[in-house]
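A.B. asks: Let me begin by handing over the structure; questions about it come next.
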Amino acid sequence: GDWYPGCEWNMTGTCSSMVVFPSALFAEIGGCDEGFVGWGGEDIALSHALQTFGGGLHRIHGEVWHLWHPAAVHTHDDTWPERCEMYARAAYDKPAMRALIDGLRADRSVSV
């Protein structure tokens, strides 16, 4: 059937939805950054890291539907925007991204 009449809003250009990448690439970047508080920032960081070491992003034309569920509680802390910006500054610069990831992994308590 037609789901559009039930849509409350839509988004384009998101960095998360259905993301497919080789497991070796995920291992190379060390997985997701667990230093984010709340949700959303880890998707941005993961996207920047995967694109940097994976050579970019290829979107396949089509739609992805998000099925409704209760909203997550926003618990972002003050470091969330700066932590995302650190990944944005290192994007597509492999040495800079490697230094960032290794530095954050070495000290999970890094304050930004």
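Each chain in the structure tokens gets a letter, A, B, ..., in the order shown, and its residues are numbered from 1; ligands are numbered from 1 in order too.
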Applying 8 Å and only C-alpha atoms, which residues near range 19-27 of chain A remain after dropping the ones on its own chain fewer than 3 positions away? List them as a ChimeraX atom specification.

C.D. replies: /A:16,30-31,50,53-54

A.B. asks: In terms of the shortest atom-to-atom distance over only C-alpha atoms, which of A:Leu67, A:Ile29, A:Cys84, A:Ala45 is closest to Ala99 in chain A?

C.D. replies: A:Ile29

A.B. asks: Identify, with DSSP run on backbone atoms, the residues in chain A assigned to alpha helix (DSSP H), and express the list as a PyMOL selection string.

C.D. replies: chain A and resi 23-29+41-54+80-90+94-106

A.B. asks: What lies within 12 Å of Glu8 in chain A using only C-alpha atoms, ignoring chain neighbours under 2 positions off, as a list of chain:residue names?

C.D. replies: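 Everything that qualifies: A:Trp3, A:Tyr4, A:Pro5, A:Gly6, A:Asn10, A:Met11, A:Trp65, A:His66, A:Leu67, A:Trp68.
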
A.B. asks: Could you write out the selected residues, including N, CA and C atoms, as an mmCIF file, in the first residue's frame?

C.D. replies:
```cif
data_model
loop_
_atom_site.group_PDB
_atom_site.id
_atom_site.type_symbol
_atom_site.label_atom_id
_atom_site.label_comp_id
_atom_site.auth_asym_id
_atom_site.auth_seq_id
_atom_site.Cartn_x
_atom_site.Cartn_y
_atom_site.Cartn_z
ATOM 1 N N TRP A 3 2.303 4.268 1.928
ATOM 2 C CA TRP A 3 2.609 4.700 3.283
ATOM 3 C C TRP A 3 2.671 6.216 3.409
ATOM 4 N N TYR A 4 2.807 6.933 2.313
ATOM 5 C CA TYR A 4 3.006 8.376 2.367
ATOM 6 C C TYR A 4 1.932 9.134 3.144
ATOM 7 N N PRO A 5 0.653 8.776 3.049
ATOM 8 C CA PRO A 5 -0.338 9.542 3.817
ATOM 9 C C PRO A 5 -0.074 9.528 5.332
ATOM 10 N N GLY A 6 0.634 8.535 5.828
ATOM 11 C CA GLY A 6 0.924 8.448 7.254
ATOM 12 C C GLY A 6 2.232 9.098 7.666
ATOM 13 N N ASN A 10 9.959 13.930 6.497
ATOM 14 C CA ASN A 10 10.974 13.146 5.809
ATOM 15 C C ASN A 10 12.303 13.880 5.864
ATOM 16 N N MET A 11 13.362 13.145 5.583
ATOM 17 C CA MET A 11 14.714 13.703 5.637
ATOM 18 C C MET A 11 15.471 13.262 4.394
ATOM 19 N N TRP A 65 12.632 3.491 5.029
ATOM 20 C CA TRP A 65 11.534 3.874 5.921
ATOM 21 C C TRP A 65 11.946 3.636 7.363
ATOM 22 N N HIS A 66 11.691 4.618 8.190
ATOM 23 C CA HIS A 66 11.934 4.499 9.621
ATOM 24 C C HIS A 66 10.602 4.170 10.273
ATOM 25 N N LEU A 67 10.561 3.076 10.966
ATOM 26 C CA LEU A 67 9.322 2.687 11.626
ATOM 27 C C LEU A 67 9.238 3.350 12.986
ATOM 28 N N TRP A 68 8.088 3.862 13.313
ATOM 29 C CA TRP A 68 7.894 4.625 14.535
ATOM 30 C C TRP A 68 8.243 3.788 15.764
#
```

A.B. asks: Please, what distance in Å, to one decimal, runs between CA of Gly55 in chain A and CA of Thr79 in chain A?

C.D. replies: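 Computing the Euclidean distance for CA of Gly55 in chain A and CA of Thr79 in chain A yields 27.7 Å.
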
A.B. asks: Excluding same-chain residues fewer than 3 positions from Asp102 in chain A, what lies within 12 Å of it counting only C-alpha atoms, as an NGL selection string?

C.D. replies: :A and (28-31 or 33 or 49 or 94-99 or 105-108 or 110)
